[in-house]
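*Asks:* My structure is below; once you've seen it, I'll send some questions.
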Amino acid sequence: MRFLATILAFFSIAASAEAGAQTVAAFRQRLSEPAFAADGSRQGIVSVAETSDAAEIIRRADGSRTPDARIRGYRLGIFSDNGASANESSIAVQEAFEKAFPDIRVYRFYDNPYFKVTAGDCITEEEAVMLLARVRNQFPKAYVVRAEMSLSDFVPEDSQASDDENAEDETTSREDKKR
(Lines give C-alpha, C1' and ligand atoms only; values in the text may rest on other atoms or scores of the structure.)
Protein backbone atom coordinates (compact mmCIF):
# COMPACT_ATOMS: atom_id res chain seq x y z
CA MET A 1 0.00 0.00 0.00
CA ARG A 2 2.83 2.36 0.90
CA PHE A 3 4.52 1.47 -2.40
CA LEU A 4 1.35 2.36 -4.38
CA ALA A 5 1.03 5.70 -2.56
CA THR A 6 4.68 6.51 -3.35
CA ILE A 7 4.20 5.74 -7.04
CA LEU A 8 1.02 7.86 -7.22
CA ALA A 9 2.78 10.76 -5.50
CA PHE A 10 5.69 10.49 -7.94
CA PHE A 11 3.40 10.55 -11.00
CA SER A 12 1.37 13.49 -9.68
CA ILE A 13 4.55 15.52 -9.05
CA ALA A 14 5.89 14.66 -12.51
CA ALA A 15 2.56 15.58 -14.14
CA SER A 16 2.35 18.92 -12.33
CA ALA A 17 5.94 19.80 -13.28
CA GLU A 18 5.19 18.97 -16.91
CA ALA A 19 1.99 21.04 -16.80
CA GLY A 20 3.95 24.02 -15.44
CA ALA A 21 6.42 23.79 -18.31
CA GLN A 22 3.55 23.67 -20.78
CA THR A 23 2.04 26.74 -19.15
CA VAL A 24 5.20 28.83 -19.67
CA ALA A 25 5.50 27.63 -23.27
CA ALA A 26 1.82 28.31 -23.86
CA PHE A 27 2.19 31.79 -22.34
CA ARG A 28 5.08 32.62 -24.66
CA GLN A 29 3.13 31.28 -27.61
CA ARG A 30 0.05 33.32 -26.72
CA LEU A 31 2.17 36.48 -26.44
CA SER A 32 3.61 36.02 -29.91
CA GLU A 33 0.39 35.23 -31.81
CA PRO A 34 -2.89 37.07 -32.30
CA ALA A 35 -6.00 35.45 -30.82
CA PHE A 36 -8.24 33.62 -33.32
CA ALA A 37 -11.36 31.52 -32.86
CA ALA A 38 -11.68 27.98 -34.26
CA ASP A 39 -13.40 29.35 -37.39
CA GLY A 40 -10.46 31.69 -38.08
CA SER A 41 -12.20 34.91 -37.04
CA ARG A 42 -10.58 37.27 -34.57
CA GLN A 43 -11.69 36.88 -30.98
CA GLY A 44 -10.74 40.39 -29.97
CA ILE A 45 -8.79 43.40 -31.09
CA VAL A 46 -6.67 45.55 -28.83
CA SER A 47 -5.87 49.03 -30.01
CA VAL A 48 -3.81 51.54 -28.11
CA ALA A 49 -4.19 55.23 -28.81
CA GLU A 50 -2.18 57.92 -27.10
CA THR A 51 -3.64 61.36 -27.15
CA SER A 52 -1.34 64.32 -27.49
CA ASP A 53 -2.53 65.44 -24.04
CA ALA A 54 -1.05 62.33 -22.39
CA ALA A 55 2.45 62.98 -23.71
CA GLU A 56 2.18 66.64 -22.69
CA ILE A 57 1.08 65.73 -19.15
CA ILE A 58 4.08 63.40 -18.74
CA ARG A 59 6.42 66.12 -20.02
CA ARG A 60 4.96 68.65 -17.57
CA ALA A 61 5.15 66.20 -14.66
CA ASP A 62 8.77 65.51 -15.47
CA GLY A 63 9.47 69.22 -15.83
CA SER A 64 8.21 69.86 -12.31
CA ARG A 65 11.10 67.74 -10.96
CA THR A 66 9.01 66.59 -8.04
CA PRO A 67 10.64 63.78 -6.04
CA ASP A 68 7.42 61.74 -6.18
CA ALA A 69 7.38 61.62 -10.00
CA ARG A 70 8.57 58.01 -9.90
CA ILE A 71 6.83 54.74 -10.70
CA ARG A 72 7.59 51.06 -10.17
CA GLY A 73 8.37 49.07 -13.26
CA TYR A 74 10.74 46.48 -14.65
CA ARG A 75 14.13 46.40 -16.32
CA LEU A 76 16.49 43.67 -17.47
CA GLY A 77 19.51 42.98 -15.31
CA ILE A 78 22.38 42.25 -17.67
CA PHE A 79 25.39 42.63 -15.37
CA SER A 80 26.17 42.56 -11.65
CA ASP A 81 29.64 42.06 -10.21
CA ASN A 82 31.82 43.21 -7.32
CA GLY A 83 35.18 41.90 -8.45
CA ALA A 84 38.39 43.88 -8.88
CA SER A 85 37.64 44.66 -12.54
CA ALA A 86 33.86 45.04 -12.14
CA ASN A 87 33.84 48.74 -13.06
CA GLU A 88 35.66 48.15 -16.35
CA SER A 89 33.54 45.08 -17.09
CA SER A 90 30.32 47.02 -16.48
CA ILE A 91 31.44 49.69 -18.96
CA ALA A 92 32.23 46.99 -21.55
CA VAL A 93 28.83 45.31 -21.05
CA GLN A 94 27.04 48.66 -21.31
CA GLU A 95 28.83 49.49 -24.57
CA ALA A 96 28.15 46.02 -26.02
CA PHE A 97 24.45 46.27 -25.18
CA GLU A 98 24.17 49.79 -26.62
CA LYS A 99 25.81 48.58 -29.83
CA ALA A 100 23.57 45.51 -30.14
CA PHE A 101 20.34 47.29 -29.15
CA PRO A 102 20.65 51.03 -29.83
CA ASP A 103 16.89 51.57 -29.36
CA ILE A 104 16.91 50.36 -25.72
CA ARG A 105 18.15 52.60 -22.91
CA VAL A 106 20.93 51.21 -20.71
CA TYR A 107 21.69 52.20 -17.12
CA ARG A 108 25.01 51.59 -15.34
CA PHE A 109 25.31 52.28 -11.62
CA TYR A 110 27.06 51.33 -8.41
CA ASP A 111 24.91 49.67 -5.74
CA ASN A 112 27.40 49.00 -2.93
CA PRO A 113 29.25 46.64 -3.33
CA TYR A 114 28.09 45.81 -6.88
CA PHE A 115 28.53 47.49 -10.25
CA LYS A 116 25.28 46.86 -12.14
CA VAL A 117 23.97 47.36 -15.65
CA THR A 118 20.25 47.28 -16.41
CA ALA A 119 18.35 47.93 -19.61
CA GLY A 120 14.87 48.81 -20.77
CA ASP A 121 11.94 50.76 -19.37
CA CYS A 122 9.01 48.38 -18.93
CA ILE A 123 5.82 49.19 -17.08
CA THR A 124 4.56 45.61 -16.89
CA GLU A 125 6.35 42.35 -16.18
CA GLU A 126 4.93 40.90 -19.42
CA GLU A 127 6.61 43.69 -21.38
CA ALA A 128 9.89 42.90 -19.61
CA VAL A 129 9.55 39.17 -20.43
CA MET A 130 9.06 40.01 -24.11
CA LEU A 131 12.13 42.27 -24.02
CA LEU A 132 14.06 39.47 -22.30
CA ALA A 133 13.18 37.10 -25.14
CA ARG A 134 14.48 39.70 -27.62
CA VAL A 135 17.92 40.05 -25.97
CA ARG A 136 18.35 36.48 -24.70
CA ASN A 137 20.48 35.30 -27.66
CA GLN A 138 23.17 37.93 -27.10
CA PHE A 139 22.84 38.22 -23.32
CA PRO A 140 21.91 34.72 -22.08
CA LYS A 141 22.32 35.59 -18.38
CA ALA A 142 19.87 38.53 -18.51
CA TYR A 143 17.00 38.49 -16.01
CA VAL A 144 13.97 40.64 -15.11
CA VAL A 145 14.28 42.99 -12.12
CA ARG A 146 11.88 45.43 -10.45
CA ALA A 147 13.00 49.03 -10.65
CA GLU A 148 12.01 52.51 -9.55
CA MET A 149 11.80 54.70 -12.65
CA SER A 150 11.29 58.36 -13.33
CA LEU A 151 8.52 59.46 -15.66
CA SER A 152 11.24 60.99 -17.84
CA ASP A 153 12.44 57.44 -18.63
CA PHE A 154 9.29 57.04 -20.73
CA VAL A 155 9.59 60.28 -22.68
CA PRO A 156 11.71 59.87 -25.84
CA GLU A 157 15.01 61.72 -25.70
CA ASP A 158 14.26 63.70 -28.88
CA SER A 159 11.07 65.13 -27.36
CA GLN A 160 13.03 66.17 -24.25
CA ALA A 161 15.49 67.98 -26.50
CA SER A 162 12.65 69.70 -28.34
CA ASP A 163 11.12 70.72 -24.99
CA ASP A 164 14.45 72.32 -24.02
CA GLU A 165 14.54 74.16 -27.34
CA ASN A 166 10.94 75.32 -26.85
CA ALA A 167 11.82 76.58 -23.36
CA GLU A 168 14.76 78.54 -24.83
CA ASP A 169 12.47 79.99 -27.53
CA GLU A 170 9.93 81.06 -24.88
CA THR A 171 12.68 82.69 -22.81
CA THR A 172 14.00 84.53 -25.85
CA SER A 173 10.53 85.75 -26.84
CA ARG A 174 9.87 86.98 -23.29
CA GLU A 175 13.15 88.90 -23.32
CA ASP A 176 12.24 90.37 -26.73
CA LYS A 177 8.87 91.51 -25.38
CA LYS A 178 10.55 93.23 -22.42
CA ARG A 179 12.70 95.31 -24.75
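Here, A, B, ... name the chains of the C-alpha coordinates in the order displayed, residue numbers run from 1 inside each chain, and ligands are numbered from 1 in the same displayed order.
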Mind checking which residues fall within 10 Å of range 122-135 of chain A, counting only C-alpha atoms, ignoring those fewer than 3 positions away in the same chain, and posting them as a PyMOL selection string?

*Replies:* chain A and resi 27-28+31-32+71-78+97+100-101+104+119+138-147+149+153-154

*Asks:* Could you turn the residues from that selection into a file that holds N, CA, C and O atoms, as a CSV table (one decimal), in the first residue's frame?

*Replies:*
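Resulting contents of selection18.csv:
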chain,number,residue,atom,x,y,z
A,27,PHE,N,2.2,30.3,-22.6
A,27,PHE,CA,2.2,31.8,-22.3
A,27,PHE,C,3.0,32.5,-23.4
A,27,PHE,O,2.6,33.5,-24.0
A,28,ARG,N,4.2,32.0,-23.6
A,28,ARG,CA,5.1,32.6,-24.7
A,28,ARG,C,4.4,32.6,-26.0
A,28,ARG,O,4.5,33.5,-26.8
A,31,LEU,N,1.7,35.1,-26.3
A,31,LEU,CA,2.2,36.5,-26.4
A,31,LEU,C,2.6,36.8,-27.9
A,31,LEU,O,2.5,37.9,-28.3
A,32,SER,N,3.1,35.8,-28.6
A,32,SER,CA,3.6,36.0,-29.9
A,32,SER,C,2.6,35.9,-31.0
A,32,SER,O,2.9,36.2,-32.2
A,71,ILE,N,7.7,55.9,-10.7
A,71,ILE,CA,6.8,54.7,-10.7
A,71,ILE,C,7.6,53.5,-10.6
A,71,ILE,O,8.8,53.4,-10.8
A,72,ARG,N,7.0,52.4,-10.2
A,72,ARG,CA,7.6,51.1,-10.2
A,72,ARG,C,7.4,50.4,-11.5
A,72,ARG,O,6.3,50.4,-12.0
A,73,GLY,N,8.4,49.8,-12.0
A,73,GLY,CA,8.4,49.1,-13.3
A,73,GLY,C,9.4,48.0,-13.3
A,73,GLY,O,9.8,47.5,-12.2
A,74,TYR,N,9.8,47.6,-14.5
A,74,TYR,CA,10.7,46.5,-14.6
A,74,TYR,C,11.8,46.8,-15.6
A,74,TYR,O,11.6,47.6,-16.6
A,75,ARG,N,13.0,46.3,-15.4
A,75,ARG,CA,14.1,46.4,-16.3
A,75,ARG,C,14.8,45.0,-16.4
A,75,ARG,O,14.5,44.1,-15.7
A,76,LEU,N,15.7,44.9,-17.4
A,76,LEU,CA,16.5,43.7,-17.5
A,76,LEU,C,17.8,43.9,-16.8
A,76,LEU,O,18.5,44.9,-17.1
A,77,GLY,N,18.2,43.0,-15.9
A,77,GLY,CA,19.5,43.0,-15.3
A,77,GLY,C,20.4,42.2,-16.3
A,77,GLY,O,20.2,41.1,-16.6
A,78,ILE,N,21.5,42.9,-16.7
A,78,ILE,CA,22.4,42.3,-17.7
A,78,ILE,C,23.8,42.1,-17.1
A,78,ILE,O,24.6,41.4,-17.7
A,97,PHE,N,25.9,46.3,-25.1
A,97,PHE,CA,24.5,46.3,-25.2
A,97,PHE,C,24.0,47.4,-26.0
A,97,PHE,O,23.1,47.3,-26.9
A,100,ALA,N,24.5,46.6,-29.6
A,100,ALA,CA,23.6,45.5,-30.1
A,100,ALA,C,22.1,46.0,-30.2
A,100,ALA,O,21.4,45.6,-31.1
A,101,PHE,N,21.7,46.8,-29.2
A,101,PHE,CA,20.3,47.3,-29.1
A,101,PHE,C,20.3,48.8,-28.9
A,101,PHE,O,20.0,49.3,-27.8
A,104,ILE,N,17.3,50.6,-27.1
A,104,ILE,CA,16.9,50.4,-25.7
A,104,ILE,C,17.9,51.1,-24.8
A,104,ILE,O,19.1,51.0,-24.9
A,119,ALA,N,18.8,47.4,-18.3
A,119,ALA,CA,18.4,47.9,-19.6
A,119,ALA,C,16.8,47.9,-19.7
A,119,ALA,O,16.2,47.0,-19.1
A,138,GLN,N,21.9,37.2,-27.3
A,138,GLN,CA,23.2,37.9,-27.1
A,138,GLN,C,23.6,38.1,-25.6
A,138,GLN,O,24.7,38.3,-25.3
A,139,PHE,N,22.6,38.1,-24.7
A,139,PHE,CA,22.8,38.2,-23.3
A,139,PHE,C,22.1,37.1,-22.6
A,139,PHE,O,21.0,37.3,-22.0
A,140,PRO,N,22.6,35.9,-22.6
A,140,PRO,CA,21.9,34.7,-22.1
A,140,PRO,C,21.7,34.7,-20.6
A,140,PRO,O,20.8,34.1,-20.1
A,141,LYS,N,22.5,35.5,-19.8
A,141,LYS,CA,22.3,35.6,-18.4
A,141,LYS,C,21.4,36.7,-17.9
A,141,LYS,O,21.3,37.0,-16.7
A,142,ALA,N,20.8,37.4,-18.9
A,142,ALA,CA,19.9,38.5,-18.5
A,142,ALA,C,18.7,38.0,-17.7
A,142,ALA,O,18.3,36.9,-17.9
A,143,TYR,N,18.1,38.9,-16.9
A,143,TYR,CA,17.0,38.5,-16.0
A,143,TYR,C,16.2,39.7,-15.8
A,143,TYR,O,16.6,40.9,-15.9
A,144,VAL,N,14.9,39.5,-15.4
A,144,VAL,CA,14.0,40.6,-15.1
A,144,VAL,C,14.1,41.1,-13.7
A,144,VAL,O,14.2,40.3,-12.8
A,145,VAL,N,14.2,42.4,-13.5
A,145,VAL,CA,14.3,43.0,-12.1
A,145,VAL,C,13.3,44.1,-12.0
A,145,VAL,O,12.9,44.8,-12.9
A,146,ARG,N,12.7,44.3,-10.7
A,146,ARG,CA,11.9,45.4,-10.5
A,146,ARG,C,12.7,46.7,-10.3
A,146,ARG,O,13.9,46.6,-9.8
A,147,ALA,N,12.2,47.8,-10.7
A,147,ALA,CA,13.0,49.0,-10.7
A,147,ALA,C,12.1,50.2,-10.4
A,147,ALA,O,10.9,50.3,-10.8
A,149,MET,N,11.5,53.9,-11.5
A,149,MET,CA,11.8,54.7,-12.6
A,149,MET,C,11.2,56.1,-12.6
A,149,MET,O,10.1,56.2,-12.0
A,153,ASP,N,11.9,58.6,-17.9
A,153,ASP,CA,12.4,57.4,-18.6
A,153,ASP,C,11.5,57.0,-19.8
A,153,ASP,O,11.9,56.3,-20.7
A,154,PHE,N,10.3,57.4,-19.7
A,154,PHE,CA,9.3,57.0,-20.7
A,154,PHE,C,9.1,58.1,-21.8
A,154,PHE,O,8.3,57.9,-22.7
